[in-house]
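Dropping input30.cif in here (mmCIF, C-alpha atoms):
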data_upload
loop_
_atom_site.group_PDB
_atom_site.id
_atom_site.type_symbol
_atom_site.label_atom_id
_atom_site.label_comp_id
_atom_site.auth_asym_id
_atom_site.auth_seq_id
_atom_site.Cartn_x
_atom_site.Cartn_y
_atom_site.Cartn_z
ATOM 1 C CA MET A 1 101.343 -136.439 -154.558
ATOM 2 C CA SER A 2 104.451 -137.626 -156.349
ATOM 3 C CA VAL A 3 107.656 -135.623 -156.523
ATOM 4 C CA GLN A 4 107.111 -135.093 -160.255
ATOM 5 C CA GLU A 5 103.570 -133.773 -159.690
ATOM 6 C CA ARG A 6 104.829 -131.421 -156.980
ATOM 7 C CA LYS A 7 107.588 -130.122 -159.281
ATOM 8 C CA GLN A 8 105.094 -129.595 -162.102
ATOM 9 C CA ARG A 9 102.777 -127.704 -159.754
ATOM 10 C CA GLU A 10 105.659 -125.542 -158.491
ATOM 11 C CA ARG A 11 106.750 -124.838 -162.065
ATOM 12 C CA ALA A 12 103.219 -123.789 -163.038
ATOM 13 C CA GLU A 13 103.029 -121.546 -159.954
ATOM 14 C CA ARG A 14 106.349 -119.885 -160.856
ATOM 15 C CA GLU A 15 105.130 -119.338 -164.400
ATOM 16 C CA ARG A 16 101.907 -117.714 -163.126
ATOM 17 C CA LEU A 17 103.985 -115.532 -160.793
ATOM 18 C CA ILE A 18 106.235 -114.398 -163.653
ATOM 19 C CA VAL A 19 103.256 -113.526 -165.864
ATOM 20 C CA ALA A 20 101.367 -111.775 -163.057
ATOM 21 C CA THR A 21 104.443 -109.776 -162.065
ATOM 22 C CA ALA A 22 105.207 -108.782 -165.652
ATOM 23 C CA ARG A 23 101.615 -107.685 -166.066
ATOM 24 C CA GLU A 24 101.702 -105.692 -162.840
ATOM 25 C CA ILE A 25 104.910 -103.886 -163.786
ATOM 26 C CA ALA A 26 103.604 -103.192 -167.297
ATOM 27 C CA GLU A 27 100.301 -101.806 -166.005
ATOM 28 C CA GLN A 28 102.107 -99.555 -163.522
ATOM 29 C CA GLN A 29 105.144 -98.440 -165.545
ATOM 30 C CA GLY A 30 104.684 -99.627 -169.133
ATOM 31 C CA TRP A 31 106.203 -102.523 -171.033
ATOM 32 C CA ASP A 32 109.607 -100.816 -171.304
ATOM 33 C CA ALA A 33 109.964 -101.293 -167.564
ATOM 34 C CA VAL A 34 109.501 -105.063 -167.858
ATOM 35 C CA THR A 35 112.940 -106.637 -168.022
ATOM 36 C CA THR A 36 114.094 -110.095 -167.037
ATOM 37 C CA ARG A 37 116.414 -108.515 -164.487
ATOM 38 C CA ARG A 38 113.588 -106.539 -162.861
ATOM 39 C CA LEU A 39 111.279 -109.576 -162.950
ATOM 40 C CA ALA A 40 113.930 -111.785 -161.370
ATOM 41 C CA GLU A 41 114.469 -109.245 -158.582
ATOM 42 C CA ARG A 42 110.756 -108.780 -157.973
ATOM 43 C CA ILE A 43 109.873 -112.481 -157.813
ATOM 44 C CA GLU A 44 113.128 -113.385 -156.046
ATOM 45 C CA TYR A 45 114.323 -115.948 -158.555
ATOM 46 C CA SER A 46 117.434 -115.847 -160.689
ATOM 47 C CA GLN A 47 117.334 -114.820 -164.340
ATOM 48 C CA PRO A 48 118.195 -118.395 -165.413
ATOM 49 C CA VAL A 49 115.022 -119.566 -163.628
ATOM 50 C CA LEU A 50 113.019 -117.052 -165.653
ATOM 51 C CA TYR A 51 114.693 -118.247 -168.840
ATOM 52 C CA SER A 52 113.783 -121.827 -167.951
ATOM 53 C CA HIS A 53 110.132 -120.746 -168.292
ATOM 54 C CA PHE A 54 110.306 -118.116 -171.036
ATOM 55 C CA ARG A 55 112.996 -117.485 -173.644
ATOM 56 C CA GLY A 56 112.650 -113.760 -173.125
ATOM 57 C CA LYS A 57 110.348 -110.785 -172.883
ATOM 58 C CA ARG A 58 108.587 -111.613 -176.153
ATOM 59 C CA GLU A 59 107.297 -114.916 -174.760
ATOM 60 C CA ILE A 60 106.240 -113.210 -171.530
ATOM 61 C CA ILE A 61 104.260 -110.661 -173.555
ATOM 62 C CA GLY A 62 102.675 -113.578 -175.405
ATOM 63 C CA ALA A 63 101.705 -115.254 -172.125
ATOM 64 C CA VAL A 64 100.140 -112.019 -170.864
ATOM 65 C CA ALA A 65 98.281 -111.694 -174.178
ATOM 66 C CA LEU A 66 96.847 -115.204 -173.923
ATOM 67 C CA GLU A 67 95.724 -114.570 -170.364
ATOM 68 C CA GLY A 68 94.205 -111.253 -171.437
ATOM 69 C CA ALA A 69 92.396 -112.833 -174.387
ATOM 70 C CA ALA A 70 90.682 -115.262 -172.040
ATOM 71 C CA GLU A 71 89.692 -112.413 -169.709
ATOM 72 C CA MET A 72 88.395 -110.292 -172.588
ATOM 73 C CA ALA A 73 86.334 -113.201 -173.941
ATOM 74 C CA ALA A 74 84.824 -113.750 -170.497
ATOM 75 C CA ALA A 75 84.020 -110.039 -170.100
ATOM 76 C CA VAL A 76 82.364 -109.863 -173.516
ATOM 77 C CA ARG A 77 80.331 -113.018 -172.905
ATOM 78 C CA ALA A 78 79.219 -111.836 -169.474
ATOM 79 C CA ALA A 79 78.089 -108.492 -170.891
ATOM 80 C CA THR A 80 76.268 -109.975 -173.870
ATOM 81 C CA SER A 81 74.548 -112.705 -171.856
ATOM 82 C CA ALA A 82 72.780 -110.058 -169.775
ATOM 83 C CA ALA A 83 71.463 -108.170 -172.830
ATOM 84 C CA ASN A 84 68.079 -108.654 -174.459
ATOM 85 C CA GLY A 85 68.011 -108.815 -178.227
ATOM 86 C CA PRO A 86 70.681 -108.510 -180.926
ATOM 87 C CA ARG A 87 71.069 -104.712 -180.832
ATOM 88 C CA GLU A 88 71.480 -104.657 -177.072
ATOM 89 C CA ARG A 89 73.972 -107.542 -177.252
ATOM 90 C CA VAL A 90 76.096 -105.697 -179.806
ATOM 91 C CA ALA A 91 76.021 -102.494 -177.741
ATOM 92 C CA ALA A 92 76.933 -104.470 -174.593
ATOM 93 C CA LEU A 93 79.764 -106.163 -176.494
ATOM 94 C CA ALA A 94 81.135 -102.809 -177.665
ATOM 95 C CA ARG A 95 80.989 -101.294 -174.181
ATOM 96 C CA ALA A 96 82.609 -104.379 -172.594
ATOM 97 C CA TYR A 97 85.401 -104.403 -175.187
ATOM 98 C CA LEU A 98 86.155 -100.692 -174.781
ATOM 99 C CA ASP A 99 85.972 -100.974 -170.997
ATOM 100 C CA PHE A 100 88.405 -103.906 -171.048
ATOM 101 C CA ALA A 101 90.834 -101.915 -173.219
ATOM 102 C CA ALA A 102 90.606 -98.888 -170.915
ATOM 103 C CA ARG A 103 90.990 -100.860 -167.669
ATOM 104 C CA ASN A 104 93.852 -103.062 -168.916
ATOM 105 C CA PRO A 105 96.073 -100.950 -171.173
ATOM 106 C CA ALA A 106 99.208 -103.101 -170.803
ATOM 107 C CA VAL A 107 97.269 -106.295 -171.449
ATOM 108 C CA TYR A 108 95.569 -104.667 -174.429
ATOM 109 C CA ASP A 109 98.992 -103.662 -175.758
ATOM 110 C CA ALA A 110 100.246 -107.235 -175.271
ATOM 111 C CA LEU A 111 97.249 -108.496 -177.230
ATOM 112 C CA PHE A 112 97.195 -106.050 -180.111
ATOM 113 C CA GLN A 113 100.204 -103.736 -180.191
ATOM 114 C CA LEU A 114 103.295 -105.670 -179.128
ATOM 115 C CA ASP A 115 105.015 -108.684 -180.620
ATOM 116 C CA GLY A 116 104.285 -111.590 -178.330
ATOM 117 C CA GLY A 117 105.193 -114.140 -180.973
ATOM 118 C CA LEU A 118 101.569 -115.197 -181.414
ATOM 119 C CA ALA A 119 99.932 -116.021 -184.718
ATOM 120 C CA PHE A 120 96.641 -114.283 -185.487
ATOM 121 C CA ALA A 121 94.142 -115.355 -188.171
ATOM 122 C CA ASP A 122 96.149 -118.483 -188.857
ATOM 123 C CA GLU A 123 95.933 -122.227 -188.293
ATOM 124 C CA ASP A 124 98.538 -121.811 -185.554
ATOM 125 C CA THR A 125 96.532 -119.194 -183.662
ATOM 126 C CA PRO A 126 96.457 -120.190 -179.979
ATOM 127 C CA GLU A 127 93.080 -121.255 -178.627
ATOM 128 C CA PRO A 128 92.585 -118.269 -176.258
ATOM 129 C CA LEU A 129 92.912 -115.883 -179.223
ATOM 130 C CA LYS A 130 90.482 -117.952 -181.293
ATOM 131 C CA ASP A 131 88.056 -117.977 -178.388
ATOM 132 C CA ALA A 132 88.276 -114.193 -177.943
ATOM 133 C CA PHE A 133 87.359 -113.769 -181.611
ATOM 134 C CA ALA A 134 84.579 -116.350 -181.183
ATOM 135 C CA ALA A 135 83.194 -114.313 -178.267
ATOM 136 C CA LEU A 136 82.857 -111.351 -180.647
ATOM 137 C CA LEU A 137 81.480 -113.469 -183.481
ATOM 138 C CA GLU A 138 78.757 -114.978 -181.281
ATOM 139 C CA SER A 139 76.951 -111.632 -181.055
ATOM 140 C CA LEU A 140 78.179 -109.922 -184.188
ATOM 141 C CA GLY A 141 77.488 -112.795 -186.561
ATOM 142 C CA GLU A 142 73.749 -112.414 -186.079
ATOM 143 C CA VAL A 143 73.795 -108.752 -187.179
ATOM 144 C CA ALA A 144 76.139 -109.013 -190.157
ATOM 145 C CA GLY A 145 73.349 -108.596 -192.668
ATOM 146 C CA ASP A 146 72.344 -110.529 -195.758
ATOM 147 C CA GLY A 147 75.199 -111.574 -197.989
ATOM 148 C CA VAL A 148 77.887 -110.467 -195.515
ATOM 149 C CA HIS A 149 80.181 -113.157 -194.145
ATOM 150 C CA PRO A 150 79.810 -113.122 -190.319
ATOM 151 C CA GLY A 151 83.571 -113.458 -189.794
ATOM 152 C CA LEU A 152 84.298 -110.548 -192.118
ATOM 153 C CA PHE A 153 81.691 -108.392 -190.380
ATOM 154 C CA THR A 154 83.221 -109.312 -187.022
ATOM 155 C CA GLU A 155 86.677 -108.276 -188.268
ATOM 156 C CA VAL A 156 85.367 -104.887 -189.458
ATOM 157 C CA PHE A 157 83.436 -104.243 -186.235
ATOM 158 C CA TRP A 158 86.423 -105.352 -184.158
ATOM 159 C CA ALA A 159 88.726 -103.066 -186.165
ATOM 160 C CA SER A 160 86.336 -100.187 -185.451
ATOM 161 C CA LEU A 161 86.384 -100.956 -181.727
ATOM 162 C CA HIS A 162 90.159 -101.241 -181.772
ATOM 163 C CA GLY A 163 90.423 -97.857 -183.478
ATOM 164 C CA ILE A 164 88.130 -96.264 -180.920
ATOM 165 C CA ALA A 165 90.039 -97.865 -178.031
ATOM 166 C CA THR A 166 93.415 -96.820 -179.405
ATOM 167 C CA LEU A 167 92.432 -93.262 -180.306
ATOM 168 C CA THR A 168 90.629 -92.765 -176.988
ATOM 169 C CA ARG A 169 93.669 -93.919 -175.044
ATOM 170 C CA ALA A 170 95.891 -91.580 -177.054
ATOM 171 C CA GLY A 171 93.615 -88.667 -176.138
ATOM 172 C CA ARG A 172 92.642 -88.091 -179.749
ATOM 173 C CA LEU A 173 88.878 -88.443 -179.289
ATOM 174 C CA LEU A 174 86.621 -86.180 -177.245
ATOM 175 C CA PRO A 175 85.616 -88.020 -174.061
ATOM 176 C CA GLU A 176 82.117 -86.529 -174.015
ATOM 177 C CA PHE A 177 81.194 -88.517 -177.162
ATOM 178 C CA ALA A 178 82.170 -91.948 -175.797
ATOM 179 C CA ALA A 179 78.608 -93.249 -175.399
ATOM 180 C CA GLN A 180 77.476 -91.755 -178.707
ATOM 181 C CA ARG A 181 80.365 -93.464 -180.517
ATOM 182 C CA VAL A 182 79.131 -96.869 -179.386
ATOM 183 C CA GLU A 183 75.551 -96.054 -180.357
ATOM 184 C CA LEU A 184 76.612 -94.767 -183.768
ATOM 185 C CA LEU A 185 78.758 -97.807 -184.401
ATOM 186 C CA VAL A 186 75.932 -100.170 -183.482
ATOM 187 C CA GLU A 187 73.327 -98.181 -185.396
ATOM 188 C CA ARG A 188 75.332 -97.855 -188.613
ATOM 189 C CA LEU A 189 77.062 -101.218 -188.799
ATOM 190 C CA ALA A 190 74.763 -103.740 -187.158
ATOM 191 C CA VAL A 191 71.762 -104.873 -189.199
ATOM 192 C CA VAL A 192 69.038 -105.616 -186.666
#

Since I need it in another form, could you write the structure as structure tokens?
Amino acid sequence: MSVQERKQRERAERERLIVATAREIAEQQGWDAVTTRRLAERIEYSQPVLYSHFRGKREIIGAVALEGAAEMAAAVRAATSAANGPRERVAALARAYLDFAARNPAVYDALFQLDGGLAFADEDTPEPLKDAFAALLESLGEVAGDGVHPGLFTEVFWASLHGIATLTRAGRLLPEFAAQRVELLVERLAVV
């Protein structure tokens, strides 16, 4: 291994450590607790080393969001691949999405609530975000209904899931109706 390859590998490892540590702090204490000073102390590197990887907290949030998008896409695909038929796939997708949001609140915030400097619904949208949307579209496109653009249907269904996830987390929805919400959403929106 050349010196340059070793340095590139070490740089990539430091970057992963910064992102993982930021994510850990955010999941435990919230994003307000994630500062470059705290990250530098926790990973035992100087703040200038952090800034050599990320220009600031916004870029770190963006890196966490991209990592989270890939994880969410994988979770949705795993759940839908085990389901039989379109209706079951859509219900599995909804449950996997809501479960991901509940289990990873800081990552979910990085994806959909905070400014990570990422473009959505644009030519410049990073590939992990496009792939996360594609993971939803794969199952939702087949139940959009006649005359309904599959991408538009996916946006509406996704917005519904996001609303449920956000309101549930805020304690604004009754927990005892969680399963019925998914069933109602699938029953009323998905044309099977």

key: Long-range neighbours of Glu127 (chain A) as a PyMOL selection string, 10 Å cut-off, only C-alpha atoms, 4 positions minimum in chain   = chain A and resi 66+69-70+131-133

message = So that I can check the surroundings of Gln113 (chain A), please list as a PyMOL selection string every protein, DNA and RNA residue that reaches within 10 Å of it, counting all atoms listed in the file and ignoring chain neighbours fewer than 6 positions away.
response = chain A and resi 106-107+166

Kindly provide, as lines of an AutoDock Vina configuration file, the centre and edge lengths (Å, one decimal) of an axis-aligned box around all atoms of region 96-111 of chain A given in the file, with 3 Å on each side.
center_x = 91.4
center_y = -103.7
center_z = -172.4
size_x = 23.6
size_y = 15.6
size_z = 15.6

task = Go ahead and compute the interatomic distance for CA of His53 (chain A) and CA of Arg14 (chain A), in Å to one decimal.
result = 8.4 Å

inquiry  = On this structure, the PyMOL selection byres ((chain A and resi 114) around 12) would catch which residues? List them as a VMD selection string, sorted by chain and number.
reply    = chain A and resid 30 to 32 57 to 65 105 to 113 115 to 118
